[in-house]
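Structure data follow from entry-v9.txt (compact mmCIF, C-alpha atoms):
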```txt
# COMPACT_ATOMS: atom_id res chain seq x y z
CA PRO A 165 36.37 -18.38 13.27
CA ASN A 166 36.07 -18.28 9.49
CA GLU A 167 32.38 -19.15 9.67
CA ARG A 168 31.73 -16.38 12.19
CA TRP A 169 33.63 -13.91 10.01
CA LEU A 170 31.62 -14.92 6.92
CA GLU A 171 28.35 -14.63 8.83
CA ALA A 172 29.30 -11.16 10.10
CA LEU A 173 30.20 -10.14 6.54
CA ARG A 174 26.88 -11.45 5.22
CA GLN A 175 24.94 -9.50 7.84
CA GLN A 176 26.67 -6.29 6.75
CA THR A 177 26.20 -6.72 2.98
CA THR A 178 22.70 -8.15 2.56
CA VAL A 179 19.10 -7.17 3.24
CA ARG A 180 17.50 -9.04 6.14
CA TRP A 181 13.74 -9.58 6.42
CA THR A 182 11.53 -9.81 9.48
CA PRO A 183 9.75 -12.18 9.34
CA ALA A 184 12.19 -14.19 7.22
CA GLU A 185 9.52 -16.41 5.63
CA GLY A 186 8.35 -15.65 2.10
CA ASP A 187 9.81 -14.91 -1.30
CA ARG A 188 11.15 -11.36 -1.54
CA ARG A 189 13.90 -10.41 -3.94
CA TYR A 190 16.01 -7.33 -4.46
CA GLN A 191 18.56 -5.76 -6.76
CA HIS A 192 21.20 -3.43 -5.31
CA ARG A 193 22.91 -0.76 -7.41
CA ARG A 194 25.29 2.04 -6.51
CA ILE A 195 24.37 5.17 -8.48
CA SER A 196 26.67 8.16 -8.03
CA ASP A 197 26.54 8.78 -4.27
CA ALA A 198 23.41 6.67 -3.61
CA GLU A 199 22.77 3.05 -2.70
CA VAL A 200 19.56 1.98 -4.46
CA TYR A 201 17.48 -1.14 -3.74
CA PHE A 202 14.71 -2.39 -6.02
CA ILE A 203 12.54 -4.77 -3.98
CA VAL A 204 9.82 -7.06 -5.29
CA ASN A 205 7.59 -9.44 -3.38
CA ALA A 206 7.19 -12.71 -5.33
CA GLY A 207 5.29 -14.40 -2.50
CA HIS A 208 2.17 -13.75 -0.48
CA THR A 209 1.37 -10.30 0.92
CA PHE A 210 4.21 -9.22 3.21
CA PHE A 211 3.85 -7.07 6.31
CA GLY A 212 7.19 -6.72 8.05
CA GLU A 213 10.54 -4.99 8.07
CA ALA A 214 13.67 -4.85 5.95
CA THR A 215 17.06 -4.17 7.52
CA PHE A 216 19.66 -2.58 5.23
CA PRO A 217 23.44 -2.43 5.78
CA HIS A 218 23.51 1.38 5.83
CA ALA A 219 23.29 3.98 8.58
CA CYS A 220 23.81 7.74 9.03
CA LYS A 221 22.33 8.35 5.60
CA LEU A 222 19.21 9.86 4.11
CA ALA A 223 16.72 7.05 3.45
CA GLU A 224 14.17 7.75 0.71
CA ARG A 225 11.36 5.83 -0.97
CA TRP A 226 10.88 6.22 -4.71
CA ASP A 227 7.37 5.91 -6.20
CA ALA A 228 7.88 4.55 -9.72
CA ASP A 229 4.25 5.31 -10.70
CA SER A 230 4.20 9.00 -9.78
CA GLY A 231 7.93 9.76 -9.82
CA ARG A 232 7.65 11.09 -6.26
CA VAL A 233 10.70 10.78 -4.02
CA ALA A 234 10.36 11.41 -0.28
CA PRO A 235 12.22 10.48 2.91
CA VAL A 236 10.78 7.39 4.56
CA ALA A 237 8.32 8.19 7.33
CA THR A 238 9.33 5.40 9.74
CA MET A 239 12.80 3.96 10.35
CA ARG A 240 15.22 3.11 13.10
CA ARG A 241 18.99 2.75 13.18
CA ASP A 242 21.06 0.23 15.09
CA GLY A 243 24.81 0.50 14.72
CA GLN A 244 25.57 0.15 11.01
CA THR A 245 22.07 -0.82 9.86
CA THR A 246 18.73 0.85 9.11
CA THR A 247 15.40 -0.95 9.53
CA ILE A 248 12.36 0.21 7.54
CA PRO A 249 8.76 -1.15 7.57
CA ILE A 250 7.84 -2.76 4.25
CA ASP A 251 4.29 -3.66 3.15
CA LEU A 252 4.05 -5.34 -0.24
CA ALA A 253 1.21 -7.21 -1.93
CA HIS A 254 1.89 -10.16 -4.24
CA PHE A 255 4.27 -8.98 -7.01
CA GLU A 256 4.21 -5.42 -5.69
CA SER A 257 7.54 -3.59 -5.68
CA THR A 258 9.19 -0.57 -4.12
CA ILE A 259 12.48 1.33 -4.37
CA ILE A 260 14.53 2.40 -1.34
CA SER A 261 17.65 4.57 -1.63
CA PHE A 262 20.33 5.69 0.81
CA SER A 263 22.42 8.80 0.17
CA GLU A 264 24.34 11.45 2.06
CA GLY A 265 22.05 13.89 3.81
CA LYS A 266 20.15 14.57 7.00
CA MET A 267 16.95 12.70 7.76
CA PRO A 268 13.98 14.95 8.56
CA LEU A 269 11.68 14.23 11.46
CA HIS A 270 10.40 10.66 11.30
CA ALA A 271 8.88 7.97 13.47
CA ILE A 272 11.17 5.37 15.00
CA GLU A 273 8.37 3.34 16.56
CA ALA A 274 4.67 3.25 15.63
CA PRO A 275 3.09 -0.15 16.34
CA ARG A 276 0.01 -1.11 14.29
CA VAL A 277 -0.16 2.14 12.30
CA ASP A 278 1.16 3.22 8.92
CA VAL A 279 3.04 6.52 9.11
CA ALA A 280 3.08 8.56 5.89
CA ARG A 281 4.28 11.98 4.79
CA ARG A 282 1.80 14.64 3.68
CA GLY A 283 4.02 17.51 2.62
CA ASN A 284 6.01 18.51 5.69
CA ARG A 285 3.70 16.63 8.06
CA LEU A 286 3.75 13.10 9.40
CA VAL A 287 0.34 11.39 9.33
CA ALA A 288 -0.51 8.18 11.20
CA ILE A 289 -3.05 5.92 9.47
CA ALA A 290 -4.93 3.32 11.54
CA GLU A 291 -7.30 0.71 10.11
CA ARG A 292 -9.04 -0.27 13.35
CA SER A 293 -10.48 1.52 16.34
CA GLY A 294 -8.26 1.54 19.39
CA GLU A 295 -5.48 3.31 21.23
CA TYR A 296 -2.17 3.96 19.49
CA ARG A 297 1.24 5.40 20.26
CA ALA A 298 4.27 6.60 18.34
CA THR A 299 7.78 7.76 19.18
CA LEU A 300 9.43 10.34 16.91
CA SER A 301 13.11 10.81 16.13
CA ASN A 302 13.20 13.99 18.24
CA GLY A 303 12.18 12.01 21.31
CA VAL A 304 8.58 13.22 21.41
CA LYS A 305 6.02 10.53 22.23
CA HIS A 306 2.40 10.65 21.09
CA HIS A 307 -0.61 8.70 22.35
CA TRP A 308 -4.09 8.90 20.83
CA LYS A 309 -7.39 7.08 20.41
CA VAL A 310 -9.08 6.32 17.09
CA ASP A 311 -12.75 5.56 16.40
CA ILE A 312 -13.18 4.10 12.92
CA PRO A 313 -16.67 4.40 11.31
CA HIS A 314 -18.48 1.18 10.53
CA ARG A 315 -18.08 -0.36 7.10
CA VAL A 316 -20.61 0.54 4.43
CA SER A 317 -21.91 -2.45 2.48
CA LEU A 318 -22.82 -1.77 -1.16
CA ARG A 319 -25.75 -4.18 -1.29
CA GLY A 320 -27.33 -2.84 -4.46
CA PRO A 321 -29.51 -3.16 -6.39
CA TRP A 322 -27.13 -2.71 -9.32
CA LEU A 323 -27.68 -1.61 -12.91
CA LEU A 324 -25.43 -3.24 -15.53
CA ALA A 325 -25.09 -1.78 -19.03
CA PRO A 326 -22.56 -1.63 -21.93
CA PHE A 327 -20.14 1.29 -21.51
CA GLU A 328 -20.16 2.72 -25.05
CA SER A 329 -23.76 1.99 -26.03
CA THR A 330 -26.73 4.32 -25.46
CA ASN A 331 -29.41 2.37 -27.32
CA GLU A 332 -28.98 -1.25 -26.23
CA ARG A 333 -31.64 -1.06 -23.55
CA ASP A 334 -32.47 -4.69 -24.12
CA ALA A 335 -28.95 -5.52 -22.92
CA ARG A 336 -29.36 -3.69 -19.61
CA HIS A 337 -29.80 -5.76 -16.49
CA ALA A 338 -31.03 -4.93 -13.01
CA LEU A 339 -29.10 -7.05 -10.52
CA ASP A 340 -30.07 -7.81 -6.95
CA VAL A 341 -26.63 -9.36 -6.36
CA LEU A 342 -23.32 -8.23 -7.86
CA VAL A 343 -22.14 -10.93 -10.29
CA SER A 344 -19.82 -11.10 -13.28
CA TRP A 345 -21.45 -10.00 -16.53
CA ARG A 346 -20.00 -13.15 -18.14
CA GLU A 347 -22.57 -15.16 -16.21
CA LEU A 348 -25.58 -13.28 -17.64
CA ALA A 349 -27.48 -14.57 -20.67
CA GLY A 350 -27.82 -11.14 -22.26
CA PHE A 351 -24.03 -10.65 -22.33
CA LYS A 352 -22.92 -14.10 -23.49
CA ARG A 353 -21.80 -12.77 -26.90
CA PHE A 354 -20.79 -9.32 -25.69
CA ALA A 355 -17.20 -8.05 -26.05
CA GLY A 356 -16.19 -4.70 -24.60
CA ARG A 357 -16.60 -2.70 -21.41
CA VAL A 358 -19.56 -2.61 -19.07
CA VAL A 359 -20.69 -0.34 -16.25
CA TYR A 360 -22.02 -1.40 -12.86
CA GLU A 361 -23.93 1.37 -11.11
CA THR A 362 -25.52 1.66 -7.67
CA ASP A 363 -26.49 4.30 -5.12
CA PHE A 364 -25.58 4.45 -1.44
CA GLU A 365 -25.68 6.98 1.37
CA MET A 366 -23.11 7.95 3.99
CA SER A 367 -23.55 10.10 7.06
CA PRO A 368 -21.83 13.52 7.20
CA GLN A 369 -19.94 12.38 10.32
CA SER A 370 -18.25 9.60 8.36
CA LEU A 371 -16.93 12.02 5.71
CA SER A 372 -14.43 13.78 7.95
CA ASP A 373 -11.12 14.89 6.42
CA ARG A 374 -9.47 12.64 9.00
CA VAL A 375 -11.14 9.51 7.62
CA ARG A 376 -9.87 7.74 4.49
CA TRP A 377 -12.24 5.29 2.82
CA THR A 378 -11.13 2.28 0.76
CA LEU A 379 -13.36 0.58 -1.81
CA GLU A 380 -12.94 -3.20 -1.78
CA LEU A 381 -13.67 -4.51 -5.27
CA GLY A 382 -13.04 -8.20 -4.65
CA ARG A 383 -11.93 -10.18 -7.70
CA VAL A 384 -11.67 -8.02 -10.83
CA HIS A 385 -11.26 -9.19 -14.46
CA GLU A 386 -9.16 -7.57 -15.93
CA THR A 387 -9.25 -3.93 -14.85
CA ALA A 388 -11.83 -1.64 -13.29
CA SER A 389 -12.16 2.15 -13.12
CA VAL A 390 -14.28 3.71 -10.38
CA TRP A 391 -16.38 6.89 -10.51
CA LEU A 392 -17.94 8.47 -7.44
CA ASN A 393 -20.54 11.20 -7.94
CA GLY A 394 -19.30 11.59 -11.52
CA ASN A 395 -15.61 11.91 -10.58
CA LEU A 396 -12.97 9.35 -11.53
CA VAL A 397 -11.33 8.26 -8.27
CA GLY A 398 -8.99 5.51 -9.45
CA ALA A 399 -8.42 2.24 -11.25
CA ALA A 400 -7.52 -1.29 -10.21
```
What do you get writing this file as structure tokens?
Amino acid sequence: PNERWLEALRQQTTVRWTPAEGDRRYQHRRISDAEVYFIVNAGHTFFGEATFPHACKLAERWDADSGRVAPVATMRRDGQTTTIPIDLAHFESTIISFSEGKMPLHAIEAPRVDVARRGNRLVAIAERSGEYRATLSNGVKHHWKVDIPHRVSLRGPWLLAPFESTNERDARHALDVLVSWRELAGFKRFAGRVVYETDFEMSPQSLSDRVRWTLELGRVHETASVWLNGNLVGAA
């Protein structure tokens, strides 16, 4: 009986992961009227769920980079617990808080899609073509089909040049294949920043407001900033 009591107590006071494999860690703090969890993934990329020992509360996700706080877009409650989807890359972290308040409209089930908030709207994000469904907290069920455009390969050719220099034309390289500048003879003694530049075309149909494109950079040493048509779009 004591073992069953201790197990029941553990289930009600700890965060449970699905799947359980991996190395995820958390710190729990009670701040004023909120229960705050700082979660970090010390293992491989995690796609799963976290079940918290709280229910009937407002669940919010805090973005430490932007300072944005918003109710989670997908969650479900079961008795005294709340289960929230969690996607974390290696050493990525997130903050989840629970406080008194009413949850706005959210998804309780949305297999294979990422549900996000865009202002007062819920947006479902799919990475592959196919048919999808979602059930909302008001009982409404949605079913839709997605056709994802084909990937665009940036095959080059590429032009590599020092970032700050305008007169080192002898240090510029035309590359048929994208390689690290550390492997090129003309940059063996170079220290600083360099620019890789290429051109590519995309069809108007693939530039719909309903399509979000992701640039895959591969392995980057140490950081990289990306410009598209002269506009800074992000850094990695």
Range 367-377 of chain A environment, 9 Å, only C-alpha atoms, sequence neighbours closer than 5 positions dropped, as a list in words |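 Here the answer would be Ile289, Ile312, Pro313 and His314 of chain A.
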Pick from A:Lys309, A:Arg240, A:Lys221, A:Arg357, whichever lies nearest to Ala325 in chain A using only C-alpha atoms =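 So, comparing all the options, the nearest one is A:Arg357.
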Nearby residues, (-6.7, 3.4, -8.3) file frame, 10 Å, all atoms listed in the file, as a VMD selection string = chain A and resid 379 388 to 390 396 to 400
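When CA of Arg353 in chain A is paired with CA of Glu386 in chain A, their separation reads 17.5 Å.
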Could you build a table of the residues in range 230-266 of chain A lying no more than 12 Å from range 292-300 of chain A, giving for each the nearest pair of atoms and their separation in Å rounded to one decimal place, using only C-alpha atoms, ordered by chain and ascending residue number, as a tab-separated table?
```
residue	atom	partner	partner_atom	distance
A:Ala237	CA	A:Leu300	CA	9.9
A:Thr238	CA	A:Leu300	CA	8.7
A:Met239	CA	A:Leu300	CA	9.8
A:Arg240	CA	A:Leu300	CA	10.0
```
Generate the output file for the selected residues, C-alpha atoms, as a PDB file, in the coordinates of the input.
```
ATOM      1  CA  ALA A 237       8.320   8.190   7.330  1.00  0.00           C
ATOM      2  CA  THR A 238       9.330   5.400   9.740  1.00  0.00           C
ATOM      3  CA  MET A 239      12.800   3.960  10.350  1.00  0.00           C
ATOM      4  CA  ARG A 240      15.220   3.110  13.100  1.00  0.00           C
TER       5      ARG A 240
END
```
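The coordinates place CA of Trp391 in chain A at 26.4 Å from CA of Asp278 in chain A.
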